[in-house]
file final27.txt (compact mmCIF, C-alpha atoms and all ligand atoms)
# COMPACT_ATOMS: atom_id res chain seq x y z
CA MET I 1 14.25 -25.70 39.89
CA HIS I 2 14.26 -21.95 40.58
CA ARG I 3 18.05 -21.78 40.70
CA ASN I 4 18.19 -23.61 37.44
CA GLU I 5 15.82 -21.18 35.71
CA SER I 6 17.67 -18.08 36.92
CA GLY I 7 20.95 -19.71 35.88
CA VAL I 8 19.65 -20.09 32.36
CA LEU I 9 18.49 -16.48 32.46
CA VAL I 10 21.96 -15.19 33.45
CA VAL I 11 23.58 -17.10 30.59
CA LEU I 12 21.01 -15.70 28.17
CA ILE I 13 21.59 -12.14 29.36
CA GLN I 14 25.37 -12.59 29.06
CA ARG I 15 25.01 -13.94 25.53
CA GLN I 16 22.74 -11.05 24.65
CA ARG I 17 25.32 -8.57 25.99
CA PHE I 18 28.02 -10.20 23.93
CA LYS I 19 25.88 -9.92 20.81
CA TRP I 20 25.09 -6.26 21.51
CA THR I 21 28.81 -5.41 21.95
CA ALA I 22 29.76 -7.33 18.83
CA SER I 23 27.12 -5.66 16.68
CA CYS I 24 28.04 -2.21 18.05
CA GLU I 25 31.61 -2.79 16.90
CA ALA I 26 30.43 -3.98 13.53
CA MET I 27 28.53 -0.72 13.13
CA GLY I 28 31.74 1.25 13.62
CA GLY I 29 30.72 3.22 16.71
CA ASN I 30 32.55 3.59 19.97
CA GLY I 31 32.10 -0.12 20.44
CA GLU I 32 35.44 -1.18 22.01
CA SER I 33 33.81 -1.61 25.37
CA GLY I 34 30.28 -1.91 24.01
CA ASN I 35 29.71 1.42 25.65
CA TRP I 36 27.74 3.42 23.13
CA THR I 37 26.31 6.82 23.72
CA TYR I 38 22.84 7.66 22.46
CA GLY I 39 24.41 10.00 19.88
CA ASP I 40 26.82 7.33 18.57
CA TYR I 41 24.18 4.69 18.21
CA LEU I 42 21.81 6.96 16.27
CA ARG I 43 24.64 8.62 14.30
CA LEU I 44 23.14 11.88 15.54
CA HIS I 45 26.24 13.95 14.97
CA GLU I 46 26.14 13.20 11.25
CA LEU I 47 22.36 13.38 11.04
CA LEU I 48 22.18 16.84 12.60
CA GLU I 49 24.65 18.26 10.11
CA LEU I 50 22.34 17.57 7.18
CA GLN I 51 19.80 20.38 7.48
CA GLY I 52 21.69 23.14 5.72
CA ASP I 53 22.62 25.33 8.75
CA GLU I 54 25.83 26.27 6.93
CA ARG I 55 23.68 28.15 4.36
CA GLY I 56 22.25 30.30 7.13
CA ILE I 57 18.67 29.11 6.47
CA SER I 58 15.59 30.57 8.14
CA ALA I 59 13.51 28.67 10.72
CA ASP I 60 10.84 28.29 8.00
CA GLU I 61 13.26 26.64 5.61
CA MET I 62 14.79 24.43 8.29
CA HIS I 63 11.34 23.13 9.16
CA PHE I 64 10.61 22.53 5.46
CA ILE I 65 13.81 20.47 5.16
CA ILE I 66 13.28 18.53 8.39
CA VAL I 67 9.72 17.55 7.43
CA HIS I 68 10.97 16.28 4.04
CA GLN I 69 13.84 14.37 5.61
CA THR I 70 11.52 12.79 8.16
CA PHE I 71 9.22 11.60 5.37
CA GLU I 72 12.15 10.18 3.43
CA LEU I 73 13.28 8.23 6.51
CA TRP I 74 9.79 6.79 6.79
CA PHE I 75 9.86 5.98 3.07
CA LYS I 76 13.01 3.95 3.73
CA GLN I 77 11.19 1.99 6.42
CA ILE I 78 8.17 1.51 4.14
CA ILE I 79 10.39 0.00 1.42
CA ARG I 80 11.84 -2.38 3.99
CA GLU I 81 8.43 -3.46 5.35
CA LEU I 82 6.98 -3.97 1.88
CA SER I 83 10.04 -5.85 0.60
CA GLU I 84 9.75 -8.28 3.49
CA THR I 85 6.03 -8.70 2.82
CA ARG I 86 6.81 -9.54 -0.79
CA GLU I 87 9.43 -12.09 0.25
CA ILE I 88 6.78 -13.81 2.36
CA LEU I 89 4.15 -13.83 -0.37
CA ASP I 90 6.55 -14.96 -3.08
CA GLN I 91 6.97 -18.34 -1.42
CA VAL I 92 5.02 -21.15 -3.12
CA PRO I 93 3.11 -22.23 -1.16
CA VAL I 94 3.16 -19.51 1.51
CA PRO I 95 3.53 -21.21 4.92
CA GLU I 96 0.39 -20.39 6.87
CA ASP I 97 2.41 -19.28 9.88
CA ASP I 98 4.03 -16.53 7.79
CA ILE I 99 0.78 -14.70 7.01
CA PRO I 100 0.54 -12.97 10.43
CA ARG I 101 4.08 -11.61 9.81
CA ALA I 102 3.01 -10.22 6.44
CA VAL I 103 -0.01 -8.61 8.09
CA SER I 104 2.22 -7.00 10.74
CA HIS I 105 4.50 -5.48 8.08
CA LEU I 106 1.48 -4.04 6.29
CA GLU I 107 -0.10 -2.75 9.49
CA ARG I 108 3.08 -0.92 10.39
CA THR I 109 3.24 0.60 6.91
CA THR I 110 -0.34 1.80 7.26
CA GLU I 111 0.44 3.41 10.61
CA ILE I 112 3.42 5.18 9.02
CA PHE I 113 1.16 6.61 6.31
CA ARG I 114 -1.33 7.74 8.94
CA LEU I 115 1.45 9.37 10.90
CA MET I 116 2.74 11.10 7.78
CA ALA I 117 -0.76 12.25 6.85
CA ASN I 118 -0.88 14.03 10.22
CA GLN I 119 2.48 15.65 9.62
CA TRP I 120 1.18 17.85 6.79
CA THR I 121 -0.34 20.07 9.48
CA VAL I 122 3.17 21.01 10.65
CA LEU I 123 3.88 22.27 7.15
CA GLU I 124 0.66 24.26 7.22
CA THR I 125 2.28 26.53 9.79
CA LEU I 126 4.30 27.81 6.83
CA THR I 127 2.54 30.84 5.35
CA PRO I 128 2.32 31.29 1.57
CA GLN I 129 4.63 34.31 1.91
CA GLY I 130 7.01 32.40 4.17
CA PHE I 131 7.33 29.69 1.51
CA LEU I 132 7.75 32.17 -1.35
CA ALA I 133 10.69 33.67 0.54
CA PHE I 134 12.81 30.58 -0.17
CA ARG I 135 10.88 28.73 -2.93
CA ASP I 136 13.03 30.07 -5.80
CA GLY I 137 16.08 28.52 -4.14
CA LEU I 138 14.59 25.06 -4.77
CA GLY I 139 14.92 25.52 -8.53
CA THR I 140 13.28 22.49 -10.15
CA ALA I 141 13.77 20.26 -7.09
CA SER I 142 10.43 18.69 -6.12
CA GLY I 143 8.94 15.74 -4.27
CA PHE I 144 8.27 14.57 -7.80
CA GLU I 145 11.91 13.43 -7.78
CA SER I 146 11.51 11.37 -4.62
CA PHE I 147 13.08 8.13 -5.83
CA GLN I 148 12.08 6.30 -2.67
CA MET I 149 8.44 7.17 -3.31
CA ARG I 150 8.75 5.83 -6.85
CA GLU I 151 10.42 2.71 -5.49
CA PHE I 152 7.63 1.84 -3.08
CA GLU I 153 5.00 2.67 -5.69
CA ALA I 154 6.70 0.17 -8.04
CA LEU I 155 7.08 -2.34 -5.24
CA LEU I 156 3.36 -2.12 -4.53
CA GLY I 157 2.55 -2.43 -8.23
CA LEU I 158 1.52 0.99 -9.53
CA GLU I 159 1.73 0.63 -13.32
CA THR I 160 3.14 3.43 -15.45
CA GLU I 161 0.05 3.29 -17.75
CA ASP I 162 -2.18 3.90 -14.70
CA ARG I 163 -0.41 7.13 -13.80
CA MET I 164 -2.00 10.48 -14.54
CA PHE I 165 -1.02 12.83 -17.35
CA GLY I 166 1.35 10.32 -18.98
CA MET I 167 3.78 10.64 -16.09
CA ASP I 168 6.64 8.13 -16.42
CA PRO I 169 9.06 7.90 -13.47
CA ILE I 170 11.70 6.12 -15.52
CA LYS I 171 11.82 9.08 -17.93
CA THR I 172 12.34 11.48 -15.02
CA PHE I 173 15.14 9.42 -13.50
CA ARG I 174 16.77 8.64 -16.84
CA LYS I 175 17.14 12.37 -17.34
CA LEU I 176 18.49 12.88 -13.82
CA SER I 177 20.92 9.98 -14.26
CA GLU I 178 22.75 11.99 -16.90
CA ARG I 179 24.32 13.75 -13.93
CA GLY I 180 26.06 10.45 -13.10
CA GLY I 181 27.00 9.28 -9.58
CA LYS I 182 24.16 8.65 -7.16
CA ASP I 183 21.54 9.64 -9.74
CA GLU I 184 22.75 6.84 -11.97
CA GLU I 185 22.50 4.38 -9.08
CA VAL I 186 18.94 5.55 -8.42
CA LEU I 187 17.88 4.78 -11.99
CA LYS I 188 19.44 1.30 -11.80
CA ARG I 189 17.71 0.58 -8.51
CA LEU I 190 14.37 1.74 -9.83
CA GLU I 191 14.68 -0.28 -13.03
CA GLU I 192 15.55 -3.37 -10.99
CA GLN I 193 12.55 -2.83 -8.75
CA MET I 194 10.25 -2.47 -11.74
CA GLN I 195 11.42 -5.76 -13.15
CA LYS I 196 10.61 -7.70 -10.00
CA SER I 197 7.11 -9.00 -9.37
CA SER I 198 5.09 -6.43 -7.50
CA LEU I 199 3.28 -7.00 -4.22
CA PHE I 200 -0.02 -6.85 -6.10
CA GLU I 201 1.12 -9.65 -8.41
CA SER I 202 2.43 -11.73 -5.50
CA LEU I 203 -0.82 -11.24 -3.61
CA ILE I 204 -2.97 -12.22 -6.59
CA LYS I 205 -0.89 -15.38 -7.14
CA TRP I 206 -1.43 -16.27 -3.51
CA ILE I 207 -5.18 -15.58 -3.61
CA GLU I 208 -5.45 -17.71 -6.74
CA ARG I 209 -4.58 -20.77 -4.63
CA THR I 210 -7.49 -20.23 -2.20
CA PRO I 211 -9.50 -23.41 -1.73
CA ILE I 212 -12.98 -22.62 -3.10
CA MET I 213 -15.92 -24.64 -1.75
CA GLY I 214 -13.30 -27.05 -0.40
CA SER I 215 -11.73 -27.53 -3.83
CA SER I 216 -7.99 -26.94 -4.04
CA PHE I 217 -6.20 -25.08 -6.82
CA ASP I 218 -4.72 -28.23 -8.33
CA GLY I 219 -7.69 -30.51 -7.62
CA ASP I 220 -9.02 -32.71 -10.45
CA ASP I 221 -12.49 -31.18 -10.65
CA ASP I 222 -11.43 -27.72 -9.45
CA LYS I 223 -12.47 -25.99 -12.68
CA ASP I 224 -16.02 -27.41 -12.41
CA VAL I 225 -16.35 -26.54 -8.72
CA VAL I 226 -15.17 -22.98 -9.28
CA ARG I 227 -17.40 -22.51 -12.32
CA ALA I 228 -20.45 -23.76 -10.39
CA TYR I 229 -19.61 -21.39 -7.51
CA VAL I 230 -19.16 -18.37 -9.77
CA GLU I 231 -22.36 -19.09 -11.69
CA ALA I 232 -24.36 -19.54 -8.46
CA HIS I 233 -22.99 -16.26 -7.15
CA LEU I 234 -23.83 -14.42 -10.36
CA GLU I 235 -27.35 -15.80 -10.31
CA SER I 236 -27.79 -14.52 -6.78
CA HIS I 237 -26.32 -11.16 -7.81
CA LEU I 238 -28.82 -10.84 -10.65
CA LYS I 239 -31.71 -11.77 -8.39
CA MET I 240 -30.61 -9.14 -5.87
CA GLY I 241 -30.93 -6.50 -8.60
CA GLN I 242 -34.33 -7.77 -9.73
CA ASP I 243 -35.61 -7.77 -6.13
CA ALA I 244 -34.45 -4.19 -5.73
CA LEU I 245 -36.38 -3.24 -8.87
CA GLU I 246 -39.54 -4.92 -7.58
CA ARG I 247 -39.27 -3.03 -4.31
CA MET I 248 -39.36 0.22 -6.26
CA SER I 249 -42.82 -0.43 -7.69
CA ASP I 250 -43.80 3.24 -7.38
CA LEU I 251 -41.27 4.29 -10.08
CA ASP I 252 -42.76 5.66 -13.31
CA THR I 253 -41.88 3.87 -16.58
CA GLU I 254 -38.93 6.15 -17.29
CA GLY I 255 -37.53 5.75 -13.77
CA ALA I 256 -37.98 1.97 -13.92
CA ASP I 257 -36.19 1.80 -17.29
CA ARG I 258 -33.27 3.80 -15.94
CA MET I 259 -33.11 1.56 -12.88
CA ARG I 260 -33.24 -1.60 -15.02
CA GLU I 261 -30.38 -0.27 -17.17
CA ARG I 262 -28.30 0.42 -14.07
CA ILE I 263 -28.96 -3.06 -12.70
CA ASP I 264 -28.10 -4.72 -16.04
CA SER I 265 -24.91 -2.76 -16.34
CA SER I 266 -23.87 -3.57 -12.76
CA HIS I 267 -24.54 -7.25 -13.44
CA GLN I 268 -22.53 -7.12 -16.66
CA SER I 269 -19.63 -5.59 -14.68
CA ALA I 270 -19.86 -8.47 -12.19
CA VAL I 271 -19.74 -10.99 -15.07
CA SER I 272 -16.73 -9.27 -16.71
CA PHE I 273 -14.96 -9.09 -13.36
CA LEU I 274 -15.33 -12.81 -12.64
CA ILE I 275 -15.18 -14.08 -16.20
CA PRO I 276 -12.89 -11.70 -18.10
CA ASP I 277 -12.40 -12.73 -21.77
CA GLY I 278 -14.77 -15.65 -21.30
CA GLU I 279 -12.46 -17.47 -18.83
CA ILE I 280 -13.14 -17.61 -15.11
CA SER I 281 -10.48 -15.76 -13.14
CA ARG I 282 -9.59 -18.11 -10.29
CA SER I 283 -7.91 -15.36 -8.30
CA ARG I 284 -11.04 -13.18 -8.44
CA ALA I 285 -13.24 -16.16 -7.62
CA GLY I 286 -10.92 -16.85 -4.64
CA LEU I 287 -11.14 -13.24 -3.54
CA LEU I 288 -14.92 -13.30 -3.83
CA PHE I 289 -14.99 -16.51 -1.80
CA ILE I 290 -12.83 -15.06 1.00
CA GLU I 291 -14.90 -11.85 1.14
CA SER I 292 -18.21 -13.74 1.01
CA TYR I 293 -17.46 -16.32 3.68
CA ARG I 294 -15.13 -14.21 5.81
CA GLU I 295 -16.46 -15.60 9.09
CA LEU I 296 -15.03 -19.09 8.38
CA PRO I 297 -12.15 -19.88 10.78
CA LEU I 298 -9.77 -21.03 8.01
CA LEU I 299 -10.30 -17.74 6.17
CA THR I 300 -9.43 -15.56 9.17
CA TRP I 301 -5.84 -14.83 8.17
CA PRO I 302 -6.51 -14.59 4.43
CA ARG I 303 -9.18 -11.95 5.06
CA LYS I 304 -6.93 -10.15 7.55
CA LEU I 305 -4.22 -10.01 4.91
CA ILE I 306 -6.63 -8.65 2.32
CA ASP I 307 -8.00 -6.12 4.82
CA ALA I 308 -4.44 -5.04 5.61
CA PHE I 309 -3.80 -4.28 1.92
CA VAL I 310 -7.07 -2.37 1.63
CA GLU I 311 -6.28 -0.35 4.74
CA LEU I 312 -2.80 0.37 3.47
CA GLU I 313 -4.05 1.63 0.13
CA GLU I 314 -6.73 3.71 1.84
CA SER I 315 -4.16 5.30 4.16
CA MET I 316 -1.93 6.07 1.19
CA ALA I 317 -4.77 7.69 -0.76
CA LYS I 318 -5.68 9.83 2.27
CA TRP I 319 -2.04 10.83 2.68
CA ARG I 320 -1.92 11.89 -0.98
CA HIS I 321 -5.20 13.78 -0.59
CA ASP I 322 -3.98 15.64 2.51
CA HIS I 323 -0.74 16.55 0.71
CA ALA I 324 -2.86 18.21 -2.00
CA ARG I 325 -4.89 20.16 0.60
CA MET I 326 -1.71 21.39 2.28
CA VAL I 327 -0.23 22.39 -1.10
CA GLU I 328 -3.45 24.20 -2.12
CA ARG I 329 -3.31 26.18 1.10
CA ILE I 330 0.33 27.20 0.61
CA ILE I 331 0.73 27.70 -3.16
CA GLY I 332 -2.87 27.78 -4.42
CA LYS I 333 -3.09 26.70 -8.05
CA ARG I 334 0.50 27.56 -8.99
CA THR I 335 2.44 25.03 -11.05
CA GLY I 336 4.81 22.87 -9.02
CA THR I 337 8.59 23.25 -8.94
CA GLY I 338 8.64 19.82 -10.62
CA GLY I 339 6.70 21.23 -13.56
CA THR I 340 3.30 19.60 -13.01
CA SER I 341 -0.02 21.44 -12.77
CA GLY I 342 0.42 21.31 -8.96
CA VAL I 343 -2.74 20.71 -6.90
CA ASP I 344 -4.71 19.29 -9.86
CA TYR I 345 -1.95 16.76 -10.47
CA LEU I 346 -1.78 15.81 -6.79
CA ASP I 347 -5.57 15.44 -6.55
CA ALA I 348 -5.48 13.12 -9.56
CA THR I 349 -2.83 10.93 -7.88
CA ALA I 350 -5.14 10.48 -4.86
CA ARG I 351 -7.39 8.45 -7.19
CA TYR I 352 -4.68 5.90 -7.99
CA ARG I 353 -5.69 2.39 -7.05
CA ILE I 354 -3.15 -0.42 -7.18
CA PHE I 355 -5.11 -3.22 -5.53
CA LYS I 356 -8.05 -2.72 -7.89
CA ASP I 357 -9.50 -6.23 -7.56
CA LEU I 358 -9.66 -5.84 -3.78
CA TRP I 359 -11.80 -2.75 -4.23
CA GLU I 360 -13.90 -4.01 -7.10
CA VAL I 361 -14.97 -7.24 -5.42
CA ARG I 362 -16.88 -5.14 -2.86
CA THR I 363 -19.24 -3.97 -5.58
CA ILE I 364 -20.39 -7.48 -6.48
CA LEU I 365 -20.99 -9.00 -3.03
CA VAL I 366 -24.47 -10.27 -2.10
CA LYS I 367 -26.20 -10.40 1.29
CA PRO I 368 -24.92 -13.22 3.55
CA GLN I 369 -28.30 -14.97 3.39
CA ASN I 370 -28.18 -14.97 -0.44
CA ARG I 371 -24.68 -16.47 -0.81
CA PRO I 372 -24.47 -19.84 -2.56
CA ASP I 373 -24.74 -22.64 0.01
CA LEU I 374 -21.34 -23.50 1.42
CA ILE I 375 -20.04 -26.92 0.41
CA ASN I 376 -17.39 -28.68 2.53
CA ALA I 377 -17.94 -26.35 5.50
CA GLU I 378 -15.86 -28.61 7.77
CA PHE I 379 -12.83 -28.03 5.50
CA TYR I 380 -12.86 -24.38 6.67
CA GLY I 381 -13.06 -25.32 10.33
CA TYR I 382 -16.77 -24.52 10.49
CA THR I 383 -18.90 -26.64 12.78
CA VAL I 384 -22.65 -26.41 13.28
CA ASP I 385 -23.94 -27.07 16.81
CA SER I 386 -26.93 -29.38 16.64
C1 LIG I 401 5.36 23.58 1.28
C2 LIG I 401 5.43 22.28 1.15
C3 LIG I 401 5.17 21.53 -0.11
C4 LIG I 401 4.66 21.95 -1.29
C5 LIG I 401 4.19 23.35 -1.68
C6 LIG I 401 4.62 20.82 -2.19
C7 LIG I 401 4.18 20.86 -3.48
C8 LIG I 401 4.18 19.80 -4.35
C9 LIG I 401 3.74 19.85 -5.71
C10 LIG I 401 3.17 21.07 -6.39
C11 LIG I 401 3.92 18.63 -6.23
C12 LIG I 401 3.61 18.19 -7.66
C13 LIG I 401 4.90 17.99 -8.41
C14 LIG I 401 5.53 19.27 -8.85
O1 LIG I 401 5.16 19.79 -9.90
O2 LIG I 401 6.38 19.79 -8.10
C15 LIG I 401 4.46 17.80 -5.22
C16 LIG I 401 4.77 16.47 -5.38
C17 LIG I 401 5.28 15.68 -4.38
N1 LIG I 401 5.59 16.06 -3.11
FE1 LIG I 401 5.25 17.86 -2.28
N2 LIG I 401 5.07 19.74 -1.52
C18 LIG I 401 5.43 20.11 -0.26
C19 LIG I 401 5.93 19.30 0.74
C20 LIG I 401 6.23 17.97 0.58
C21 LIG I 401 6.81 17.15 1.59
C22 LIG I 401 7.16 17.54 3.02
C23 LIG I 401 6.99 15.94 1.05
C24 LIG I 401 7.61 14.77 1.75
C25 LIG I 401 8.48 13.98 1.19
C26 LIG I 401 6.51 15.98 -0.30
C27 LIG I 401 6.52 14.93 -1.18
C28 LIG I 401 6.07 14.98 -2.45
C29 LIG I 401 6.05 13.83 -3.34
C30 LIG I 401 6.51 12.43 -2.99
C31 LIG I 401 5.55 14.27 -4.55
C32 LIG I 401 5.30 13.42 -5.78
C33 LIG I 401 3.83 13.02 -5.80
C34 LIG I 401 3.50 12.15 -6.99
O3 LIG I 401 4.03 12.38 -8.09
O4 LIG I 401 2.70 11.21 -6.82
N3 LIG I 401 6.04 17.23 -0.55
N4 LIG I 401 4.60 18.53 -4.07
call {"tool": "encode", "arguments": {"input": "final27.txt", "output": "structure tokens"}}
result
Amino acid sequence: MHRNESGVLVVLIQRQRFKWTASCEAMGGNGESGNWTYGDYLRLHELLELQGDERGISADEMHFIIVHQTFELWFKQIIRELSETREILDQVPVPEDDIPRAVSHLERTTEIFRLMANQWTVLETLTPQGFLAFRDGLGTASGFESFQMREFEALLGLETEDRMFGMDPIKTFRKLSERGGKDEEVLKRLEEQMQKSSLFESLIKWIERTPIMGSSFDGDDDKDVVRAYVEAHLESHLKMGQDALERMSDLDTEGADRMRERIDSSHQSAVSFLIPDGEISRSRAGLLFIESYRELPLLTWPRKLIDAFVELEESMAKWRHDHARMVERIIGKRTGTGGTSGVDYLDATARYRIFKDLWEVRTILVKPQNRPDLINAEFYGYTVDS
């Protein structure tokens, strides 16, 4: 039995070696014997010639270039992780076993953003004077022209109309594409990306299919079940506001009126969120259901997926915010080399939200004890010990 197992192991290792040699050759390295060096495998010789040493740059400028290049390498990885997540979510229906893979891609992306947020501190070792010494040499080059950043923003689902100050990435890259060559390819790639469904859209389509109170998306009486659930939730939401008002019995008339107005307006927002244009949004009802009953075993992976998107967007917003702080420290309120207002522009971008529904649903949740009673609990793998 033992001999047999180790025999299998040897064959596996040999096969693995064969694969490694074959793929090394395919990658064009010194693969004849499968005997790569570290430098060959990582293409280090080429990589280390890309920092501009031939221009006789200062240590400050070299560090500026290396930090940018490092970010761009991470951007490449982010595009890969997010593209694979989208492929998973675009399946109809999404096989349940694939959700953990989607979550892993998102978690890695979040960690990359966290890592990059910490890298701004390296740049902060650059003094304002040190930067000014080579800033003019950049001309109009700016992170604003980072096509990979625009690609992953589009992939995630950032809409042009949601951008600040009328900024339109296609306009920027259309202008750059007049230079031809690679810049033309960039525009094509970006336009293609913008035509595909975004991760936000894919996620919403997936959430829309969430079974609500045991009723499935294509069930005969699904519309009635979902409507009853949404109405029961809204009733509970309204009551929560009224209870809060009662608890504040020591408010004077003016204070109570203001409070009532706030409660009414928050309830109206909840109604418009769940029933936009008079029609119940099944995806938002599904999202509300997952967030409200998140302890149910069957909802474990759906809520993990949603949490992973929220965490990703949060890490991205923090990364944008930290970029602005680093920029403020180095160039103050100067305009950027890309022609924007600089720090004010960057601060505004930190308020971008792509996965808006995921954020908004938090505002309309009610206490666990006030949720509508769960129907079909066993459908969600929930059992009550008697
Ligand atoms: C001394 C260092 C840096 C300064 C002073 C700086 C400054 C700025 C400014 C002022 C902008 C606004 C656009 C403009 O008008 O130029 C900007 C945008 C941007 N920067 Fe930086 N930056 C620095 C380092 C970096 C690094 C290392 C990266 C990494 C790739 C980066 C990526 C970006 C990106 C992607 C944008 C576009 C943001 C958006 O439009 O949402 N920056 N930067």
call {"tool": "residues_around", "arguments": {"input": "final27.txt", "residues": "Trp319 of chain I", "least_positions_apart": "4", "cutoff": "10 Å", "atoms": "all atoms listed in the file", "output": "PyMOL selection string"}}
result
chain I and resi 113-120+313-315+323-325+350
call {"tool": "closest_atom_pairs", "arguments": {"input": "final27.txt", "of": "chain I", "to": "ligand LIG 401 (chain I)", "cutoff": "8 Å", "atoms": "only C-alpha atoms and all ligand atoms", "output": "tab-separated table"}}
result
residue	atom	partner	partner_atom	distance
I:Phe64	CA	I:LIG401	C22	6.5
I:Ile65	CA	I:LIG401	C22	7.6
I:Val67	CA	I:LIG401	C22	5.1
I:His68	CA	I:LIG401	C22	4.1
I:Gln69	CA	I:LIG401	C25	7.0
I:Thr70	CA	I:LIG401	C25	7.7
I:Phe71	CA	I:LIG401	C25	4.9
I:Glu72	CA	I:LIG401	C25	5.7
I:Trp120	CA	I:LIG401	C22	7.1
I:Leu123	CA	I:LIG401	C1	6.2
I:Glu124	CA	I:LIG401	C1	7.6
I:Leu126	CA	I:LIG401	C1	7.1
I:Phe131	CA	I:LIG401	C1	6.4
I:Thr140	CA	I:LIG401	O2	7.7
I:Ala141	CA	I:LIG401	O2	7.5
I:Ser142	CA	I:LIG401	O2	4.6
I:Gly143	CA	I:LIG401	C28	3.5
I:Phe144	CA	I:LIG401	C32	3.8
I:Glu145	CA	I:LIG401	C32	6.9
I:Ser146	CA	I:LIG401	C30	5.4
I:Met149	CA	I:LIG401	C30	5.6
I:Arg150	CA	I:LIG401	C30	8.0
I:Arg320	CA	I:LIG401	O4	7.5
I:His323	CA	I:LIG401	FE1	6.8
I:Ala324	CA	I:LIG401	C8	7.6
I:Met326	CA	I:LIG401	C2	7.3
I:Val327	CA	I:LIG401	C5	4.6
I:Glu328	CA	I:LIG401	C5	7.7
I:Ile330	CA	I:LIG401	C5	5.9
I:Ile331	CA	I:LIG401	C5	5.8
I:Arg334	CA	I:LIG401	C10	7.5
I:Thr335	CA	I:LIG401	O1	6.0
I:Gly336	CA	I:LIG401	O1	3.2
I:Thr337	CA	I:LIG401	O2	4.2
I:Gly338	CA	I:LIG401	O2	3.4
I:Gly339	CA	I:LIG401	O1	4.2
I:Thr340	CA	I:LIG401	O1	3.6
I:Ser341	CA	I:LIG401	O1	6.1
I:Gly342	CA	I:LIG401	C10	3.8
I:Val343	CA	I:LIG401	C10	5.9
I:Tyr345	CA	I:LIG401	C12	6.4
I:Leu346	CA	I:LIG401	C12	6.0
I:Thr349	CA	I:LIG401	O4	5.6
call {"tool": "closest_residue", "arguments": {"input": "final27.txt", "among": "I:Ile212, I:Arg282, I:Lys175, I:Asp250", "to": "Phe379 of chain I", "atoms": "only C-alpha atoms"}}
result
I:Ile212
call {"tool": "atom_distance", "arguments": {"input": "final27.txt", "atom1": "atom CA of Ile364 of chain I", "atom2": "atom CA of His233 of chain I"}}
result
9.2 Å
call {"tool": "closest_residue", "arguments": {"input": "final27.txt", "among": "I:Ala228, I:Val122, I:Leu287, I:Leu190", "to": "Leu299 of chain I", "atoms": "all atoms listed in the file"}}
result
I:Leu287
call {"tool": "closest_residue", "arguments": {"input": "final27.txt", "among": "I:Tyr352, I:Asp243, I:Gly52, I:Lys171", "to": "Lys318 of chain I", "atoms": "all atoms listed in the file"}}
result
I:Tyr352
call {"tool": "closest_residue", "arguments": {"input": "final27.txt", "among": "I:Ile290, I:Leu234, I:Met248, I:Leu296", "to": "Ala377 of chain I", "atoms": "only C-alpha atoms"}}
result
I:Leu296
call {"tool": "closest_residue", "arguments": {"input": "final27.txt", "among": "I:Asp90, I:Glu246, I:Glu311, I:Asp222", "to": "Thr210 of chain I", "atoms": "all atoms listed in the file"}}
result
I:Asp222
call {"tool": "closest_residue", "arguments": {"input": "final27.txt", "among": "I:Phe309, I:Phe75, I:Tyr380, I:Tyr38", "to": "Glu107 of chain I", "atoms": "only C-alpha atoms"}}
result
I:Phe309
call {"tool": "residues_near_point", "arguments": {"input": "final27.txt", "point": "(-25.2, -21.3, 1.7)", "cutoff": "12 Å", "atoms": "only C-alpha atoms", "output": "ChimeraX atom specification"}}
result
/I:213,229,232-233,236,289,292-293,366-377
call {"tool": "write_last_selection", "arguments": {"input": "final27.txt", "atoms": "C-alpha atoms", "output": "CSV table (one decimal), in the frame of the given file"}}
result
chain,number,residue,atom,x,y,z
I,213,MET,CA,-15.9,-24.6,-1.8
I,229,TYR,CA,-19.6,-21.4,-7.5
I,232,ALA,CA,-24.4,-19.5,-8.5
I,233,HIS,CA,-23.0,-16.3,-7.2
I,236,SER,CA,-27.8,-14.5,-6.8
I,289,PHE,CA,-15.0,-16.5,-1.8
I,292,SER,CA,-18.2,-13.7,1.0
I,293,TYR,CA,-17.5,-16.3,3.7
I,366,VAL,CA,-24.5,-10.3,-2.1
I,367,LYS,CA,-26.2,-10.4,1.3
I,368,PRO,CA,-24.9,-13.2,3.6
I,369,GLN,CA,-28.3,-15.0,3.4
I,370,ASN,CA,-28.2,-15.0,-0.4
I,371,ARG,CA,-24.7,-16.5,-0.8
I,372,PRO,CA,-24.5,-19.8,-2.6
I,373,ASP,CA,-24.7,-22.6,0.0
I,374,LEU,CA,-21.3,-23.5,1.4
I,375,ILE,CA,-20.0,-26.9,0.4
I,376,ASN,CA,-17.4,-28.7,2.5
I,377,ALA,CA,-17.9,-26.4,5.5
call {"tool": "axis_aligned_box", "arguments": {"input": "final27.txt", "around": "segment 277-286 of chain I", "padding_each_side": "3 Å", "output": "AutoDock Vina command-line options"}}
result
--center_x -11.3 --center_y -15.4 --center_z -13.2 --size_x 12.9 --size_y 11.4 --size_z 23.1
call {"tool": "atom_distance", "arguments": {"input": "final27.txt", "atom1": "atom CA of Gly130 of chain I", "atom2": "atom CA of Asp60 of chain I"}}
result
6.8 Å
call {"tool": "closest_atom_pairs", "arguments": {"input": "final27.txt", "of": "segment 216-305 of chain I", "to": "segment 198-205 of chain I", "cutoff": "12 Å", "atoms": "all atoms listed in the file", "output": "JSON lines"}}
result
{"residue": "I:Phe217", "atom": "CA", "partner": "I:Lys205", "partner_atom": "CA", "distance": 11.1}
{"residue": "I:Ser281", "atom": "CA", "partner": "I:Ile204", "partner_atom": "CA", "distance": 10.6}
{"residue": "I:Arg282", "atom": "CA", "partner": "I:Ile204", "partner_atom": "CA", "distance": 9.6}
{"residue": "I:Ser283", "atom": "CA", "partner": "I:Ile204", "partner_atom": "CA", "distance": 6.1}
{"residue": "I:Arg284", "atom": "CA", "partner": "I:Ile204", "partner_atom": "CA", "distance": 8.3}
{"residue": "I:Ala285", "atom": "CA", "partner": "I:Ile204", "partner_atom": "CA", "distance": 11.0}
{"residue": "I:Gly286", "atom": "CA", "partner": "I:Ile204", "partner_atom": "CA", "distance": 9.4}
{"residue": "I:Leu287", "atom": "CA", "partner": "I:Ile204", "partner_atom": "CA", "distance": 8.8}
{"residue": "I:Pro302", "atom": "CA", "partner": "I:Leu203", "partner_atom": "CA", "distance": 10.4}
{"residue": "I:Leu305", "atom": "CA", "partner": "I:Leu203", "partner_atom": "CA", "distance": 9.3}
